[in-house]
Structure formats: structure tokens, C-alpha cells
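J.: Handing you this structure, nothing more for now.
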Amino acid sequence: MSPATTLYRGHEGMWMWVVHRTTGVAVFFFLLVHVLDTALVRVSPEAYNEVIGSYKTPLYAIIEAGLVAAIALHAFNGLRIIAVDRSTWALRHQRQLVWAVWIGFAILMLGFLPRHLMHAFGGA
Amino acid sequence: MAQAPDLTAPKRPVSHSTLGRAQRWSWMFQRISGVVLIVLIFTHLFINLWWGDGINQIDFAFVAGKLASPFWQWFDFLMLTLAMIHGANGMRMIIDDYARNPAWRATLQWALRIATVIIVVLGTLVLFTFDPCPADADPSLLPSLCEDI
Ligand code: HEM
Ligand code: HEM
């Protein structure tokens, strides 16, 4: 983007900027495919069930976990970017806020992963 | 951890007050849509992937049960349009950053615009022309609300 965003480049901010870009692009491409697979509900119940069925396999369970991780990181880091742009307090506490992003991410994944893996690999 | 390289001062300094009107809007939009998208997408994932049987519950009957209600139609519509515009706007900036050759850049920007319009139109049509109880379908695949018809 324009140099106006250099505020949060360098040090931790630089790495989080890479994370933000990569996750944003990944989720964008997922969304293109996701709208196409959902569109199969207009074709027939059989077509939709067949394609969604393949999303219930172990390989896809891992991909879904990766997708949720990407969305969570992008979302929490997005909030950090908004905060740092808006408040000088947040700007001064950049380092701590980067930690907050990773801690929020870890808590969310701890709540999500065990349950998702149990659904995907049988059990619950 | 490696140090990020020092940035040299921009040739033409840019601040909020010197950004063009369009860029200022784009900047505001990324932030406002981002906050709304958190609520929408986390709700979407919670209901479809965590609640109930998680990924295993998703089939035609599940989707039909949801999209039979105007609430979920409009919820999905908002999520579709905001996520696509937010994502496409982000992709636009990224293309501008990396595609140095003007012809290549124009090609990528047009591909992005066309893909975005197609996906938003297709997604919207799906949400609002959807029939939860198609007449010729196998009844065992349909949601229970179809039994009353
Ligand atoms: C979940 C809620 C979300 C939040 C809070 C959020 C937040 C943000 C923010 C604040 C920016 C601007 C960053 C900047 O000015 O440097 C941004 C950029 C971006 N977002 Fe999101 N976003 C969310 C969801 C999404 C989704 C669903 C997609 C994909 C469809 C996406 C793709 C992108 C892309 C590609 C960029 C550009 C990244 C860059 O320029 O490096 N975001 N996001
Ligand atoms: C693995 C995780 C996901 C699963 C299992 C999933 C599942 C579904 C299902 C079953 C539907 C059908 C309608 C409904 O339930 O409301 C749907 C629609 C939709 N999902 Fe997801 N979803 C996932 C992740 C996402 C993410 C991360 C986004 C946003 C970036 C998203 C955006 C949408 C949109 C916009 C629609 C409406 C599509 C249309 O207009 O036809 N989904 N999803």
C-alpha cells in the first residue's frame, strides 16, 4: 500500500504485516471456491452432498483447521492494526498487542481444534 | 529474529490529509467492514463448524433449513458482499504493490474485478432464488420442513 502504512512496518509489525497479507490472500481464494461449492445447492441435493461429503475427510479436516487459523489470525491482527491506527496508547504498546494477538489466537484454536478433530476423526 | 530492513523516506510523503478521496474511503472501508466481518464470520464458523455435529452435519438439508429463513439469507448476503469487497480491495492493493509491469498489472486488476462481480452475483442469486424443497428431489435428502408441503 502507500507509505502511509509504514507506521507499523519494521520489527514485530513487519512480521505481522507478512502474516496479515498471506492470510488475507489465502482466505480470499478460499472464499471464491466456497461460493462456488455452496452454489451447488442450486444444482441438486445430490450434487451438493457429494462435494460437501469430500470435505468430511481427514485431509480436509486439516485444511479446515488451517483456514480457521488463517481467519483468526487475520481477524485479531486486523483489530490490532485498527487500534494502532486509532490510538497512541495502542501505538506505544505495539509489542504487547502483538502478544495479545497470538494469545487470543491460541485460546481460540484450543477451543476449536479438539472439537473439530473429534468431529472429523470420529469420537464425538 | 532477523531485523526488517530500514525503510528510506518516501519520495513523496503521504499522510491522511494528502491521500485522495478514494484512498481514504478504501482505508475506512477496510476497517469498518473488518469489524463487522469478525462478528459475521465467527458466527458463521461457530454455527456451521463447532455447534451440533460440526462439519459432519453439513448437507443439503442443513443448508436448506438455514436458507429457508430470511434472517440467514440476509446474514449470508451481508457476509458475502462485505467479505468479497473487503478481500478484493485488499487484493487490489497487493496487485498494485507487486505487479510492476503496467500491462500485467491492468490484466490482473481486470481479472480481479471480473471474478469479484461474478462471485457476488452468483452468490446473491443462490441465496435468493434457492428452493429448499425442489419438487423432483429425493425426499430423504430434504429438510423436515418440506414434509408439510
Ligand atoms: C474477520 C474479520 C476481518 C478483519 C478484522 C479484517 C481486517 C483487515 C484490515 C484492518 C485490513 C487493512 C490492513 C491495512 O490497512 O494495512 C485488512 C486487509 C486485508 N484483508 Fe481483511 N479483515 C477481515 C476479514 C477478511 C476476509 C474474510 C478476507 C478475504 C476475503 C480478507 C482479506 C484481506 C486482504 C487481502 C487485505 C489486504 C492485505 C494487505 O494489504 O496486506 N480480510 N483486513
Ligand atoms: C470450514 C469452514 C466453513 C464451513 C464448513 C462453511 C460452511 C458453509 C455452509 C454450509 C454454507 C451454506 C449457507 C449457510 O450455512 O449459511 C456457507 C455459506 C457461505 N459461507 Fe461458509 N463455511 C466455512 C467458512 C467460511 C468462511 C471463512 C467465510 C468467509 C470468508 C465463509 C463465507 C460464506 C458465505 C459468504 C456464504 C454464502 C454463500 C452464497 O452466497 O451462496 N464461509 N458456508
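Labeling convention for the C-alpha cells: chains A, B, ... as they appear, residues from 1 per chain, ligands from 1 in order of appearance.
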Residues of chain B within 8 Å of chain A, counting only C-alpha atoms, what are they? List them as a PyMOL selection string.

T.: chain B and resi 3-6+10+13-16+31+34-35+38+49-50+53-56+58-60+84+87-88+90-91+93-94+96-97+119+122-123+126+130-131+137+141-142

J.: I need the residues of segment 11-60 of chain A that end up classed as alpha helix (DSSP H) by DSSP on the backbone, written out as a PyMOL selection string.

T.: chain A and resi 11-39+45-54+58-60

J.: Which residues of chain B come within 12 Å of ligand 1, and for each one, what is the closest pair of atoms and their distance in Å to one decimal, counting only C-alpha atoms and all ligand atoms, sorted by chain and residue number, as a tab-separated table?

T.:
residue	atom	partner	partner_atom_place_in_ligand_line	distance
B:Gln23	CA	ligand 1	15 (O)	10.6
B:Arg24	CA	ligand 1	15 (O)	10.6
B:Trp25	CA	ligand 1	15 (O)	11.5
B:Ser26	CA	ligand 1	15 (O)	8.9
B:Trp27	CA	ligand 1	15 (O)	6.2
B:Met28	CA	ligand 1	15 (O)	8.8
B:Phe29	CA	ligand 1	10 (C)	8.8
B:Gln30	CA	ligand 1	11 (C)	5.1
B:Arg31	CA	ligand 1	10 (C)	4.6
B:Ile32	CA	ligand 1	10 (C)	8.0
B:Ser33	CA	ligand 1	4 (C)	7.2
B:Gly34	CA	ligand 1	4 (C)	3.6
B:Val35	CA	ligand 1	5 (C)	4.9
B:Val36	CA	ligand 1	2 (C)	7.1
B:Leu37	CA	ligand 1	2 (C)	4.5
B:Ile38	CA	ligand 1	2 (C)	3.9
B:Val39	CA	ligand 1	1 (C)	7.5
B:Leu40	CA	ligand 1	1 (C)	8.0
B:Ile41	CA	ligand 1	1 (C)	6.2
B:Phe42	CA	ligand 1	1 (C)	7.4
B:Thr43	CA	ligand 1	1 (C)	10.6
B:His44	CA	ligand 1	1 (C)	10.9
B:Leu45	CA	ligand 1	1 (C)	10.9
B:Leu78	CA	ligand 1	27 (C)	11.9
B:Met79	CA	ligand 1	27 (C)	8.5
B:Leu80	CA	ligand 1	30 (C)	9.0
B:Thr81	CA	ligand 1	30 (C)	9.8
B:Leu82	CA	ligand 1	27 (C)	8.2
B:Ala83	CA	ligand 1	27 (C)	4.8
B:Met84	CA	ligand 1	30 (C)	5.5
B:Ile85	CA	ligand 1	30 (C)	7.8
B:His86	CA	ligand 1	31 (C)	5.9
B:Gly87	CA	ligand 1	30 (C)	3.9
B:Ala88	CA	ligand 1	35 (C)	6.6
B:Asn89	CA	ligand 1	37 (C)	7.0
B:Gly90	CA	ligand 1	37 (C)	3.3
B:Met91	CA	ligand 1	35 (C)	4.7
B:Arg92	CA	ligand 1	37 (C)	8.0
B:Met93	CA	ligand 1	40 (O)	5.6
B:Ile94	CA	ligand 1	40 (O)	5.5
B:Ile95	CA	ligand 1	40 (O)	9.2
B:Asp96	CA	ligand 1	40 (O)	9.7
B:Asp97	CA	ligand 1	40 (O)	8.7
B:Tyr98	CA	ligand 1	40 (O)	11.0
B:Leu112	CA	ligand 1	35 (C)	11.7
B:Thr116	CA	ligand 1	30 (C)	10.4
B:Ile119	CA	ligand 1	30 (C)	11.6
B:Val120	CA	ligand 1	30 (C)	11.8

J.: Point out the residue among A:Phe121, A:Phe105, A:Trp17, A:Tyr60 with the least atom-to-atom distance to ligand 2, counting only C-alpha atoms and all ligand atoms.

T.: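 Once distances to ligand 2 are computed over only C-alpha atoms and all ligand atoms, the minimum belongs to A:Tyr60.
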
J.: Of the residues A:Leu59, A:Val98, A:Ala65, A:Val18, which is the one nearest to ligand 2, using only C-alpha atoms and all ligand atoms?

T.: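 The shortest atom-to-atom distance to ligand 2 comes from A:Ala65.
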
J.: Residues at most 12 Å from Trp72 of chain B, counting only C-alpha atoms, excluding those fewer than 2 positions away in the same chain, as a VMD selection string?

T.: chain B and resid 40 43 to 44 47 63 to 70 74 to 80 127 to 128

J.: Which of these, A:Ala69, A:Ala83, A:Leu91, A:Met16, has the shortest distance to Gly104 of chain A once you count only C-alpha atoms?

T.: A:Ala69

J.: Atom 22 (N, counted along the ligand's line) of ligand 2 and atom CA of Trp99 of chain A, how far apart in Å?

T.: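 Between atom CA of Trp99 of chain A and atom 22 (N, counted along the ligand's line) of ligand 2 the gap is 27.9 Å.
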
J.: Find, counting only C-alpha atoms and all ligand atoms, the residue in B:Ala111, B:Leu125, B:Ala135, B:Ile118 that gets nearest to ligand 2.

T.: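 Ranking B:Ala111, B:Leu125, B:Ala135, B:Ile118 by distance to ligand 2, first place goes to B:Leu125.
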